[in-house]
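Trainee: Next comes final-v4.txt, compact mmCIF, C-alpha atoms:
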# COMPACT_ATOMS: atom_id res chain seq x y z
CA MET A 42 25.84 -27.51 15.29
CA ARG A 43 25.30 -30.67 17.29
CA ARG A 44 26.81 -30.91 20.72
CA GLU A 45 27.37 -34.18 22.55
CA GLY A 46 24.81 -35.12 25.15
CA ARG A 47 22.06 -32.85 23.94
CA PRO A 48 18.95 -34.51 22.58
CA VAL A 49 17.98 -33.64 19.02
CA PHE A 50 14.47 -34.21 17.78
CA LEU A 51 14.05 -33.28 14.17
CA ASN A 52 11.45 -35.64 12.77
CA VAL A 53 9.68 -33.08 10.61
CA LEU A 54 6.62 -35.32 10.18
CA GLN A 55 6.09 -35.60 13.93
CA ILE A 56 6.76 -32.01 14.93
CA ARG A 57 3.44 -30.23 15.23
CA LEU A 58 4.23 -26.66 14.31
CA PRO A 59 1.91 -24.11 15.98
CA ILE A 60 0.22 -21.50 13.77
CA PRO A 61 2.79 -18.75 14.50
CA GLY A 62 5.43 -21.29 13.46
CA ILE A 63 3.67 -21.89 10.16
CA VAL A 64 3.51 -18.13 9.54
CA SER A 65 7.21 -17.86 10.29
CA PHE A 66 8.06 -20.75 7.97
CA GLY A 67 5.86 -19.22 5.27
CA HIS A 68 7.71 -15.92 5.72
CA ARG A 69 10.98 -17.68 4.99
CA ILE A 70 9.65 -19.68 2.01
CA SER A 71 7.99 -16.61 0.49
CA GLY A 72 11.17 -14.62 1.04
CA VAL A 73 13.26 -17.16 -0.86
CA LEU A 74 10.66 -17.25 -3.68
CA LEU A 75 10.74 -13.45 -3.94
CA PHE A 76 14.55 -13.56 -4.00
CA LEU A 77 14.43 -16.02 -6.90
CA ALA A 78 11.90 -13.79 -8.70
CA ILE A 79 14.16 -10.71 -8.73
CA PRO A 80 15.70 -11.39 -12.20
CA LEU A 81 12.28 -12.15 -13.71
CA SER A 82 10.93 -8.88 -12.30
CA ILE A 83 13.83 -6.82 -13.64
CA TYR A 84 13.49 -8.54 -17.02
CA LEU A 85 9.76 -7.69 -17.17
CA LEU A 86 10.44 -4.11 -16.06
CA ASP A 87 13.08 -3.79 -18.78
CA ARG A 88 10.79 -5.13 -21.50
CA SER A 89 7.84 -3.01 -20.36
CA LEU A 90 9.90 0.20 -20.44
CA HIS A 91 11.61 -0.53 -23.76
CA ASP A 92 8.87 0.32 -26.24
CA PRO A 93 5.06 0.11 -26.59
CA GLN A 94 5.45 -3.36 -28.15
CA GLY A 95 7.44 -4.58 -25.14
CA PHE A 96 4.85 -3.06 -22.81
CA SER A 97 1.98 -4.97 -24.41
CA ASP A 98 4.13 -8.14 -24.58
CA VAL A 99 4.64 -7.97 -20.81
CA LYS A 100 0.93 -7.39 -20.27
CA ALA A 101 0.03 -10.33 -22.50
CA LEU A 102 2.63 -12.63 -20.92
CA THR A 103 1.78 -11.84 -17.29
CA GLY A 104 -1.93 -12.04 -18.05
CA SER A 105 -1.72 -15.41 -19.80
CA ILE A 106 -3.10 -18.61 -18.29
CA LEU A 107 0.31 -20.31 -18.51
CA PHE A 108 1.83 -17.60 -16.33
CA LEU A 109 -0.99 -17.79 -13.76
CA PRO A 110 0.73 -20.31 -11.41
CA VAL A 111 3.87 -18.15 -11.32
CA LEU A 112 1.82 -15.00 -10.83
CA LEU A 113 -0.19 -16.58 -8.01
CA ALA A 114 2.96 -17.86 -6.29
CA LEU A 115 4.57 -14.42 -6.50
CA LEU A 116 1.49 -12.47 -5.40
CA TRP A 117 0.97 -14.81 -2.44
CA SER A 118 4.66 -14.55 -1.55
CA LEU A 119 4.46 -10.75 -1.67
CA SER A 120 1.26 -10.63 0.40
CA HIS A 121 2.32 -13.16 2.99
CA HIS A 122 5.84 -11.75 3.30
CA LEU A 123 4.47 -8.21 3.73
CA LEU A 124 1.80 -9.11 6.31
CA ALA A 125 3.99 -11.55 8.27
CA GLY A 126 6.78 -8.95 8.17
CA ILE A 127 4.50 -6.26 9.61
CA ARG A 128 3.47 -8.74 12.34
CA PHE A 129 7.13 -9.37 13.17
CA LEU A 130 7.83 -5.64 13.35
CA PHE A 131 5.05 -5.27 15.91
CA ILE A 132 6.40 -8.21 17.89
CA ASP A 133 9.84 -6.53 17.78
CA ILE A 134 8.38 -3.56 19.66
CA ASP A 135 6.68 -5.92 22.13
CA LEU A 136 3.18 -5.69 20.69
CA GLY A 137 1.16 -8.88 20.37
CA VAL A 138 3.70 -11.11 22.05
CA ASP A 139 1.35 -12.98 24.42
CA LYS A 140 0.20 -16.35 23.19
CA PRO A 141 -3.52 -15.75 22.51
CA THR A 142 -2.80 -12.52 20.59
CA ALA A 143 0.13 -14.07 18.73
CA ARG A 144 -2.13 -16.94 17.63
CA LYS A 145 -4.87 -14.58 16.48
CA THR A 146 -2.52 -12.35 14.48
CA ALA A 147 -0.89 -15.46 12.99
CA TRP A 148 -4.28 -16.66 11.71
CA GLY A 149 -4.96 -13.14 10.45
CA VAL A 150 -1.68 -13.12 8.50
CA LEU A 151 -2.29 -16.60 7.04
CA GLY A 152 -5.80 -15.70 5.84
CA GLY A 153 -4.96 -12.11 5.02
CA GLY A 154 -2.07 -13.20 2.81
CA VAL A 155 -4.39 -15.28 0.65
CA VAL A 156 -7.05 -12.55 0.49
CA LEU A 157 -4.50 -9.84 -0.37
CA ALA A 158 -2.98 -12.10 -3.07
CA LEU A 159 -6.41 -12.47 -4.69
CA ILE A 160 -7.03 -8.71 -4.49
CA LEU A 161 -3.65 -8.06 -6.14
CA LEU A 162 -4.53 -10.61 -8.81
CA GLY A 163 -7.67 -8.58 -9.46
CA VAL A 164 -5.63 -5.38 -9.71
CA TRP A 165 -3.21 -7.05 -12.10
CA LEU A 166 -5.63 -8.75 -14.50
CA MET B 250 21.27 -20.25 14.81
CA SER B 251 24.90 -20.04 13.99
CA ARG B 252 26.16 -16.49 14.01
CA ARG B 253 29.56 -17.17 15.53
CA GLY B 254 32.13 -14.67 14.40
CA LEU B 255 29.60 -12.56 12.56
CA GLN B 256 28.07 -9.21 13.37
CA GLY B 257 24.45 -9.56 14.33
CA GLN B 258 22.94 -6.25 15.32
CA ARG B 259 23.66 -4.10 12.28
CA PRO B 260 22.11 -6.54 9.77
CA TRP B 261 19.15 -6.93 12.14
CA ILE B 262 18.50 -3.18 12.09
CA PHE B 263 19.09 -2.83 8.33
CA GLN B 264 16.67 -5.69 7.70
CA ARG B 265 13.93 -3.77 9.51
CA LEU B 266 14.68 -0.34 8.05
CA THR B 267 14.70 -1.71 4.51
CA ALA B 268 11.53 -3.68 5.27
CA ILE B 269 9.69 -0.47 6.18
CA TYR B 270 10.86 1.29 3.00
CA LEU B 271 9.96 -1.69 0.81
CA ALA B 272 6.50 -1.91 2.37
CA VAL B 273 5.79 1.81 1.88
CA TYR B 274 7.04 1.70 -1.73
CA PHE B 275 4.96 -1.41 -2.43
CA VAL B 276 1.75 0.12 -1.10
CA TYR B 277 2.37 3.35 -3.05
CA PHE B 278 3.10 1.28 -6.18
CA ILE B 279 -0.21 -0.60 -5.94
CA VAL B 280 -2.20 2.58 -5.23
CA ALA B 281 -0.58 4.27 -8.25
CA LEU B 282 -1.38 1.27 -10.46
CA LEU B 283 -5.00 1.49 -9.29
CA ALA B 284 -4.94 5.18 -10.19
CA GLY B 285 -3.88 4.27 -13.74
CA ALA B 286 -0.10 4.71 -13.68
CA GLY B 287 0.29 1.53 -15.75
CA ALA B 288 -2.69 2.06 -18.05
CA ASP B 289 -0.57 2.46 -21.18
CA TYR B 290 3.08 2.60 -22.22
CA GLU B 291 3.39 6.39 -22.22
CA SER B 292 1.98 6.95 -18.73
CA TRP B 293 3.92 3.93 -17.36
CA ARG B 294 7.24 5.25 -18.63
CA ALA B 295 6.50 8.86 -17.73
CA TRP B 296 5.64 7.78 -14.19
CA LEU B 297 8.70 5.59 -13.61
CA THR B 298 11.18 8.00 -15.18
CA HIS B 299 9.93 11.07 -13.30
CA PRO B 300 12.93 12.22 -11.21
CA LEU B 301 11.15 11.57 -7.91
CA MET B 302 9.95 8.11 -8.92
CA PHE B 303 13.30 7.33 -10.53
CA THR B 304 15.01 8.10 -7.22
CA ALA B 305 12.41 6.22 -5.18
CA THR B 306 12.73 3.17 -7.45
CA GLY B 307 16.52 3.30 -7.38
CA LEU B 308 16.33 3.35 -3.59
CA PHE B 309 13.77 0.55 -3.75
CA PHE B 310 16.20 -1.70 -5.61
CA GLY B 311 19.01 -0.79 -3.21
CA ALA B 312 16.79 -1.61 -0.22
CA LEU B 313 15.49 -4.76 -1.91
CA LEU B 314 18.95 -6.15 -2.60
CA LEU B 315 20.20 -5.37 0.91
CA HIS B 316 17.05 -6.91 2.40
CA ALA B 317 17.38 -10.00 0.18
CA TRP B 318 21.07 -10.32 1.03
CA ILE B 319 20.48 -10.30 4.79
CA GLY B 320 17.51 -12.67 4.49
CA VAL B 321 19.16 -15.24 2.23
CA ARG B 322 22.40 -14.94 4.19
CA ASP B 323 20.48 -15.92 7.33
CA VAL B 324 18.88 -18.88 5.53
CA ILE B 325 22.30 -20.08 4.34
CA LEU B 326 23.83 -19.64 7.81
CA ASP B 327 20.98 -21.70 9.26
CA TYR B 328 21.14 -24.63 6.86
CA VAL B 329 24.58 -24.75 5.21
CA HIS B 330 27.25 -25.68 7.72
CA PRO B 331 30.41 -26.94 5.95
CA PHE B 332 32.66 -23.90 5.63
CA ALA B 333 33.61 -24.26 1.95
CA LEU B 334 30.02 -24.85 0.87
CA ARG B 335 28.81 -21.93 2.97
CA LEU B 336 31.42 -19.59 1.54
CA THR B 337 30.55 -20.68 -2.00
CA ALA B 338 26.82 -20.21 -1.44
CA LEU B 339 27.29 -16.77 0.13
CA THR B 340 29.62 -15.68 -2.68
CA LEU B 341 27.21 -16.83 -5.39
CA VAL B 342 24.26 -15.09 -3.75
CA GLY B 343 26.28 -11.92 -3.29
CA LEU B 344 27.42 -11.85 -6.92
CA PHE B 345 23.89 -12.66 -8.10
CA LEU B 346 22.42 -9.76 -6.12
CA LEU B 347 25.16 -7.38 -7.21
CA GLY B 348 24.48 -8.34 -10.82
CA CYS B 349 20.75 -7.78 -10.33
CA GLY B 350 21.43 -4.37 -8.82
CA LEU B 351 23.59 -3.22 -11.73
CA TRP B 352 21.06 -4.58 -14.22
CA ALA B 353 18.15 -2.77 -12.50
CA LEU B 354 20.16 0.45 -12.44
CA LYS B 355 20.94 0.10 -16.15
CA VAL B 356 17.24 -0.50 -16.95
CA LEU B 357 16.19 2.59 -15.00
CA ILE B 358 18.88 4.83 -16.49
CA LEU B 359 18.29 3.66 -20.07
CA ALA B 360 14.55 4.18 -19.69
CA THR B 361 15.18 7.73 -18.50
CA LEU B 362 17.62 8.55 -21.30
CA GLY B 363 15.78 6.74 -24.06
Write the structure described by the file as structure tokens, please.

Mentor:
Amino acid sequence: MRREGRPVFLNVLQIRLPIPGIVSFGHRISGVLLFLAIPLSIYLLDRSLHDPQGFSDVKALTGSILFLPVLLALLWSLSHHLLAGIRFLFIDIDLGVDKPTARKTAWGVLGGGVVLALILLGVWL
Amino acid sequence: MSRRGLQGQRPWIFQRLTAIYLAVYFVYFIVALLAGAGADYESWRAWLTHPLMFTATGLFFGALLLHAWIGVRDVILDYVHPFALRLTALTLVGLFLLGCGLWALKVLILATLG
């Protein structure tokens, strides 16, 4: 909603987003990805519960190399969304709001999301 | 942020309550998988159709869809401004999530009966 007389600066290439901003943006992106993955997840759950054949089909499909990019995207989305979400909940109750702490926890979430995604990949495969 | 004419506080609280439930369910789910709940078809189905887990998973999908609705609704309100387009986007997302919810419920119930 643009109002007259107020400057607007939205050159995305020139805005230097601080680390907490990147975490926040990642939280939104991962959230949308997870939203889009809901039907796929229900489909896989359905197949896996249908019969032993369906169960092994789901295992084979989700463990295949072709599925790996999707799996990685989803596991990272889950990890990042979870960790960034926990960070936001703490900030909601006024914990870790000051700048140095907020920066540190933002780095922790960014790195932790990748590490947790790889751990989950290990659990899955 | 454009929230004019819309309730803000209730969705805000629901978003956080559902987040906590989803996080707890997720952690339990991973721990159970590590403990072998998904080792083979029989144990996988027995685990998910156990009355407690059936209820917890039903609640999980309810919380997930509410959480997704509030989140995507906020994204749409942030980026989609023309009224007709916004209404269309919100309607489509709502129907999509409602459909997903009914489908998930059907999957769970059929697995329990079958």

Trainee: When you get a sec, could you note down which chain A residues fall within 9 Å of chain B, using all atoms listed in the file, as a PDB file with C-alpha atoms, in the coordinates of the input?

Mentor:
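Generated output (out37.pdb):
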ATOM      1  CA  MET A  42      25.840 -27.510  15.290  1.00  0.00           C
ATOM      2  CA  ARG A  69      10.980 -17.680   4.990  1.00  0.00           C
ATOM      3  CA  GLY A  72      11.170 -14.620   1.040  1.00  0.00           C
ATOM      4  CA  VAL A  73      13.260 -17.160  -0.860  1.00  0.00           C
ATOM      5  CA  LEU A  75      10.740 -13.450  -3.940  1.00  0.00           C
ATOM      6  CA  PHE A  76      14.550 -13.560  -4.000  1.00  0.00           C
ATOM      7  CA  ILE A  79      14.160 -10.710  -8.730  1.00  0.00           C
ATOM      8  CA  PRO A  80      15.700 -11.390 -12.200  1.00  0.00           C
ATOM      9  CA  ILE A  83      13.830  -6.820 -13.640  1.00  0.00           C
ATOM     10  CA  TYR A  84      13.490  -8.540 -17.020  1.00  0.00           C
ATOM     11  CA  LEU A  86      10.440  -4.110 -16.060  1.00  0.00           C
ATOM     12  CA  ASP A  87      13.080  -3.790 -18.780  1.00  0.00           C
ATOM     13  CA  SER A  89       7.840  -3.010 -20.360  1.00  0.00           C
ATOM     14  CA  LEU A  90       9.900   0.200 -20.440  1.00  0.00           C
ATOM     15  CA  HIS A  91      11.610  -0.530 -23.760  1.00  0.00           C
ATOM     16  CA  ASP A  92       8.870   0.320 -26.240  1.00  0.00           C
ATOM     17  CA  PRO A  93       5.060   0.110 -26.590  1.00  0.00           C
ATOM     18  CA  GLN A  94       5.450  -3.360 -28.150  1.00  0.00           C
ATOM     19  CA  GLY A  95       7.440  -4.580 -25.140  1.00  0.00           C
ATOM     20  CA  PHE A  96       4.850  -3.060 -22.810  1.00  0.00           C
ATOM     21  CA  SER A  97       1.980  -4.970 -24.410  1.00  0.00           C
ATOM     22  CA  LEU A 123       4.470  -8.210   3.730  1.00  0.00           C
ATOM     23  CA  GLY A 126       6.780  -8.950   8.170  1.00  0.00           C
ATOM     24  CA  ILE A 127       4.500  -6.260   9.610  1.00  0.00           C
ATOM     25  CA  LEU A 130       7.830  -5.640  13.350  1.00  0.00           C
ATOM     26  CA  LEU A 161      -3.650  -8.060  -6.140  1.00  0.00           C
ATOM     27  CA  VAL A 164      -5.630  -5.380  -9.710  1.00  0.00           C
ATOM     28  CA  TRP A 165      -3.210  -7.050 -12.100  1.00  0.00           C
TER      29      TRP A 165
END

Trainee: Could you please determine the separation between atom CA of Leu157 of chain A and atom CA of Ile56 of chain A in Å, to one decimal place?

Mentor: 29.2 Å

Trainee: Quick one: distance from atom CA of Val276 of chain B to atom CA of Phe303 of chain B in Å, one decimal?

Mentor: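 Taking atom CA of Val276 of chain B and atom CA of Phe303 of chain B, their separation equals 16.6 Å.
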
Trainee: Could you jot down the atom CA of Ser82 of chain A to atom CA of Ala286 of chain B separation for me, Å, one decimal place?

Mentor: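 The value is 17.6 Å.
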